[in-house]
Amino acid sequence: MMEYLFNGAPEVRIALWVALATLAMVALLLASILLLRVHTLRRERRDAQARQTWAGLFQRVLDGEQVPVRPVRHGEIFGFVEAWNAIHEPLSDADSRRLIAVGKSAGLVETSKKMLHGGYHSRAMAIVALGYLRDRNLFDLLSPWLTDRSPVVSLCAARALSQIDPPRAMAMFVPAILERDDWVEGSVAQILAENHDGSALRELAAVLPRVEGTMAVKLVGFLADIDPVKAGALVRQLLEGNVDDRVLSACLRVVTAPQDRERVRQLLTAERWHVRMNAATALGRIGEQGDVPRLEPLLCDAVWWVRYRAAQALLALPGVGAVGLQGIRARQSDSYGRDIIDQVLSEQGMRSAT
């Protein structure tokens, strides 16, 4: 074989050497994959062990034990931070704060700062972890990450900053909503909903007059996530102001105050069908039995959705219910009105059966 390799035809020798080189490369690749897999499994076991160790320690502290806390070791970093983030997620603010001293004693700040130089997953974990410390000295360290191009990292930074210094964070976060079309609305809503000092509402009130169209509709939608009662004054201002129909509809979807009934009643006859539809739904939520005559004409509206929401609103009004809605049906001369009432009553019956 060796003689053939060295003395055979040139093209044969070249082909054989290429084949041998390919086999050697494949062997090296397989060996590398095997070593990488072994390393990954070892790291996963190490992280799992660290996660279990630290999670148990955190829980003991929450249970009221006096537990000695040692600095986190280098090989425990990821497991430690994962355990720290996981245990905080379901906790109340008061219980979460009970772990702050433990995190600082274990070296969470130094550990997380190192992770900020890693990949986006490591950065996100570190930012979340530092937020739970609620240390205002960390605000300037985390604030640049609010503009990170990764939506995950930037939203983690927004939440962490809002835990550290809510007013200052909301002053940065709410204007940034206007610029970030890659932020998941559910995540934005959660961050705003977690704000309890009123700063999120103040910042939205400052921004809303300067925006219009789709962005205004989006911001109004966030008001209900913050606190529909506290947001009532701002919603009322928009309902009474000179805003476009899309913003009116958005306001009607979040209105909850009985004092807004009169304005909602006026919008039952709006030119745009989606405003009439949302006004009917809103009146079903905040109206009274005397609003039946105002909603009945919408049962014959040209738009199916308006008729449907009007029938649902009538069913929801105090003192009406299924029996009252059947009485309303009996006096309907329009087939559209009778049909939509039949549908709403049928749906209500199916819900009651389940």
# chains A, B, ... in the order shown; residues from 1 in each chain; ligands from 1

$ residues_around --residues "range 142-145 of chain A" --least-positions-apart "5" --cutoff "9 Å" --atoms "only C-alpha atoms" --output "PyMOL selection string"
chain A and resi 127+130-131+153-158+160-161+169+172

$ select_by_dssp --residues "range 96-247 of chain A" --states "alpha helix (DSSP H)" --output "MDAnalysis selection string"
chainID A and resid 96:97 100:106 108:115 120:131 139:142 151:164 166:177 185:193 199:207 213:226 232:240 245:247

$ residues_around --residues "Val275 in chain A" --least-positions-apart "3" --cutoff "10 Å" --atoms "only C-alpha atoms" --output "count of residues only"
21

$ closest_residue --among "A:Ser162, A:Arg202, A:Ala313, A:Thr147" --to "Trp183 in chain A" --atoms "only C-alpha atoms"
A:Thr147

$ residues_around --residues "Ile164 in chain A" --least-positions-apart "5" --cutoff "6 Å" --atoms "only C-alpha atoms" --output "MDAnalysis selection string"
chainID A and resid 134:136

$ write_last_selection --atoms "all heavy atoms" --output "short mmCIF file (atom, residue, chain, number, x, y, z; two decimals), in the first residue's frame"
data_model
loop_
_atom_site.label_atom_id
_atom_site.label_comp_id
_atom_site.auth_asym_id
_atom_site.auth_seq_id
_atom_site.Cartn_x
_atom_site.Cartn_y
_atom_site.Cartn_z
N ARG A 134 -31.86 46.36 43.78
CA ARG A 134 -32.49 47.68 44.01
C ARG A 134 -31.50 48.69 44.58
O ARG A 134 -31.85 49.51 45.44
CB ARG A 134 -33.71 47.52 44.93
CG ARG A 134 -34.80 46.65 44.33
CD ARG A 134 -35.88 46.33 45.35
NE ARG A 134 -37.00 45.61 44.76
CZ ARG A 134 -37.03 44.29 44.52
NH1 ARG A 134 -35.95 43.55 44.83
NH2 ARG A 134 -38.07 43.70 43.98
N ASP A 135 -30.29 48.64 44.08
CA ASP A 135 -29.22 49.52 44.56
C ASP A 135 -29.06 50.69 43.58
O ASP A 135 -28.69 50.49 42.42
CB ASP A 135 -27.91 48.72 44.65
CG ASP A 135 -26.78 49.53 45.26
OD1 ASP A 135 -26.91 50.77 45.37
OD2 ASP A 135 -25.76 48.92 45.63
N ARG A 136 -29.34 51.89 44.05
CA ARG A 136 -29.29 53.05 43.15
C ARG A 136 -27.89 53.32 42.61
O ARG A 136 -27.74 54.00 41.59
CB ARG A 136 -29.82 54.29 43.87
CG ARG A 136 -31.30 54.17 44.22
CD ARG A 136 -31.93 55.51 44.51
NE ARG A 136 -33.36 55.38 44.71
CZ ARG A 136 -34.22 56.40 44.68
NH1 ARG A 136 -33.76 57.62 44.47
NH2 ARG A 136 -35.50 56.19 44.86
#

$ residues_around --residues "Met125 in chain A" --least-positions-apart "2" --cutoff "12 Å" --atoms "only C-alpha atoms" --output "short mmCIF file (atom, residue, chain, number, x, y, z; two decimals) with C-alpha atoms, in the first residue's frame"
data_model
loop_
_atom_site.label_atom_id
_atom_site.label_comp_id
_atom_site.auth_asym_id
_atom_site.auth_seq_id
_atom_site.Cartn_x
_atom_site.Cartn_y
_atom_site.Cartn_z
CA ILE A 77 -21.45 31.74 38.65
CA PHE A 78 -24.16 30.72 36.19
CA GLY A 79 -25.94 28.37 38.57
CA PHE A 80 -25.84 30.99 41.30
CA VAL A 81 -27.30 33.75 39.11
CA GLU A 82 -29.95 31.41 37.69
CA ALA A 83 -31.03 30.44 41.22
CA TRP A 84 -31.06 34.09 42.28
CA ASN A 85 -33.26 35.18 39.36
CA ALA A 86 -35.60 32.20 39.61
CA LEU A 108 -23.54 39.13 43.21
CA THR A 111 -20.16 38.26 39.56
CA SER A 112 -22.80 39.99 37.45
CA LYS A 113 -20.38 42.65 36.26
CA LYS A 114 -18.20 39.90 34.79
CA MET A 115 -21.22 38.38 33.03
CA LEU A 116 -21.99 41.72 31.36
CA HIS A 117 -19.00 41.06 29.11
CA GLY A 118 -20.43 37.75 27.87
CA GLY A 119 -23.01 36.84 25.27
CA TYR A 120 -26.47 38.36 25.17
CA HIS A 121 -27.93 35.58 27.35
CA SER A 122 -25.29 36.17 30.04
CA ARG A 123 -25.84 39.92 29.83
CA ILE A 127 -28.94 42.69 34.29
CA VAL A 128 -32.00 40.96 35.75
CA ALA A 129 -29.96 39.83 38.77
CA LEU A 130 -28.65 43.34 39.49
CA GLY A 131 -32.15 44.78 39.26
CA TYR A 132 -33.27 42.66 42.20
CA VAL A 152 -34.27 41.05 25.16
CA VAL A 153 -31.30 42.78 26.79
CA SER A 154 -32.85 46.26 26.53
CA LEU A 155 -36.16 45.15 28.06
CA CYS A 156 -34.29 43.37 30.87
CA ALA A 157 -32.47 46.65 31.48
CA ALA A 160 -34.06 46.32 36.26
#

$ atom_distance --atom1 "CA of Asp227 in chain A" --atom2 "CA of Ala205 in chain A"
13.2 Å

$ atom_distance --atom1 "CA of Leu219 in chain A" --atom2 "CA of Trp305 in chain A"
24.4 Å

$ residues_around --residues "Ser96 in chain A" --least-positions-apart "6" --cutoff "10 Å" --atoms "only C-alpha atoms" --output "list in words"
Leu62, Ile87, His88, Glu89, Pro90, Tyr132, Leu133 and Arg134 of chain A

$ write_last_selection --atoms "all heavy atoms" --output "PDB file, in the first residue's frame"
ATOM      1  N   LEU A  62     -35.341  32.797  53.417  1.00  0.00           N
ATOM      2  CA  LEU A  62     -36.742  33.223  53.367  1.00  0.00           C
ATOM      3  C   LEU A  62     -37.563  32.570  54.475  1.00  0.00           C
ATOM      4  O   LEU A  62     -38.536  33.152  54.963  1.00  0.00           O
ATOM      5  CB  LEU A  62     -37.346  32.895  52.001  1.00  0.00           C
ATOM      6  CG  LEU A  62     -36.833  33.710  50.812  1.00  0.00           C
ATOM      7  CD1 LEU A  62     -37.390  33.163  49.499  1.00  0.00           C
ATOM      8  CD2 LEU A  62     -37.219  35.187  50.960  1.00  0.00           C
ATOM      9  N   ILE A  87     -35.654  32.488  42.019  1.00  0.00           N
ATOM     10  CA  ILE A  87     -36.362  32.546  43.302  1.00  0.00           C
ATOM     11  C   ILE A  87     -37.058  33.883  43.503  1.00  0.00           C
ATOM     12  O   ILE A  87     -38.053  33.980  44.215  1.00  0.00           O
ATOM     13  CB  ILE A  87     -35.403  32.246  44.473  1.00  0.00           C
ATOM     14  CG1 ILE A  87     -36.220  31.792  45.694  1.00  0.00           C
ATOM     15  CG2 ILE A  87     -34.536  33.468  44.807  1.00  0.00           C
ATOM     16  CD1 ILE A  87     -35.413  31.085  46.736  1.00  0.00           C
ATOM     17  N   HIS A  88     -36.549  34.944  42.841  1.00  0.00           N
ATOM     18  CA  HIS A  88     -37.164  36.260  43.004  1.00  0.00           C
ATOM     19  C   HIS A  88     -38.465  36.411  42.222  1.00  0.00           C
ATOM     20  O   HIS A  88     -39.344  37.167  42.636  1.00  0.00           O
ATOM     21  CB  HIS A  88     -36.200  37.369  42.556  1.00  0.00           C
ATOM     22  CG  HIS A  88     -35.190  37.737  43.585  1.00  0.00           C
ATOM     23  ND1 HIS A  88     -34.026  37.042  43.775  1.00  0.00           N
ATOM     24  CD2 HIS A  88     -35.168  38.736  44.504  1.00  0.00           C
ATOM     25  CE1 HIS A  88     -33.328  37.596  44.755  1.00  0.00           C
ATOM     26  NE2 HIS A  88     -33.996  38.619  45.213  1.00  0.00           N
ATOM     27  N   GLU A  89     -38.578  35.718  41.096  1.00  0.00           N
ATOM     28  CA  GLU A  89     -39.681  35.970  40.173  1.00  0.00           C
ATOM     29  C   GLU A  89     -41.061  35.898  40.828  1.00  0.00           C
ATOM     30  O   GLU A  89     -41.899  36.773  40.610  1.00  0.00           O
ATOM     31  CB  GLU A  89     -39.589  35.000  38.989  1.00  0.00           C
ATOM     32  CG  GLU A  89     -40.434  35.403  37.806  1.00  0.00           C
ATOM     33  CD  GLU A  89     -40.043  36.754  37.220  1.00  0.00           C
ATOM     34  OE1 GLU A  89     -38.841  37.077  37.173  1.00  0.00           O
ATOM     35  OE2 GLU A  89     -40.953  37.511  36.847  1.00  0.00           O
ATOM     36  N   PRO A  90     -41.347  34.870  41.662  1.00  0.00           N
ATOM     37  CA  PRO A  90     -42.697  34.807  42.252  1.00  0.00           C
ATOM     38  C   PRO A  90     -42.841  35.568  43.563  1.00  0.00           C
ATOM     39  O   PRO A  90     -43.941  35.599  44.133  1.00  0.00           O
ATOM     40  CB  PRO A  90     -42.877  33.293  42.490  1.00  0.00           C
ATOM     41  CG  PRO A  90     -41.498  32.804  42.791  1.00  0.00           C
ATOM     42  CD  PRO A  90     -40.571  33.650  41.957  1.00  0.00           C
ATOM     43  N   TYR A 132     -32.671  43.115  40.945  1.00  0.00           N
ATOM     44  CA  TYR A 132     -33.265  42.657  42.197  1.00  0.00           C
ATOM     45  C   TYR A 132     -32.539  43.200  43.423  1.00  0.00           C
ATOM     46  O   TYR A 132     -33.078  43.139  44.535  1.00  0.00           O
ATOM     47  CB  TYR A 132     -33.280  41.135  42.246  1.00  0.00           C
ATOM     48  CG  TYR A 132     -34.331  40.508  41.358  1.00  0.00           C
ATOM     49  CD1 TYR A 132     -33.986  39.578  40.385  1.00  0.00           C
ATOM     50  CD2 TYR A 132     -35.671  40.844  41.487  1.00  0.00           C
ATOM     51  CE1 TYR A 132     -34.949  39.004  39.561  1.00  0.00           C
ATOM     52  CE2 TYR A 132     -36.637  40.280  40.672  1.00  0.00           C
ATOM     53  CZ  TYR A 132     -36.269  39.360  39.715  1.00  0.00           C
ATOM     54  OH  TYR A 132     -37.218  38.796  38.903  1.00  0.00           O
ATOM     55  N   LEU A 133     -31.347  43.729  43.253  1.00  0.00           N
ATOM     56  CA  LEU A 133     -30.634  44.328  44.390  1.00  0.00           C
ATOM     57  C   LEU A 133     -31.194  45.709  44.740  1.00  0.00           C
ATOM     58  O   LEU A 133     -30.968  46.206  45.856  1.00  0.00           O
ATOM     59  CB  LEU A 133     -29.137  44.453  44.074  1.00  0.00           C
ATOM     60  CG  LEU A 133     -28.340  43.155  44.058  1.00  0.00           C
ATOM     61  CD1 LEU A 133     -26.895  43.432  43.663  1.00  0.00           C
ATOM     62  CD2 LEU A 133     -28.395  42.462  45.412  1.00  0.00           C
ATOM     63  N   ARG A 134     -31.857  46.365  43.784  1.00  0.00           N
ATOM     64  CA  ARG A 134     -32.490  47.675  44.011  1.00  0.00           C
ATOM     65  C   ARG A 134     -31.498  48.691  44.584  1.00  0.00           C
ATOM     66  O   ARG A 134     -31.852  49.506  45.444  1.00  0.00           O
ATOM     67  CB  ARG A 134     -33.708  47.519  44.930  1.00  0.00           C
ATOM     68  CG  ARG A 134     -34.801  46.653  44.326  1.00  0.00           C
ATOM     69  CD  ARG A 134     -35.880  46.329  45.347  1.00  0.00           C
ATOM     70  NE  ARG A 134     -37.001  45.606  44.758  1.00  0.00           N
ATOM     71  CZ  ARG A 134     -37.028  44.287  44.523  1.00  0.00           C
ATOM     72  NH1 ARG A 134     -35.952  43.547  44.834  1.00  0.00           N
ATOM     73  NH2 ARG A 134     -38.065  43.696  43.979  1.00  0.00           N
TER      74      ARG A 134
END
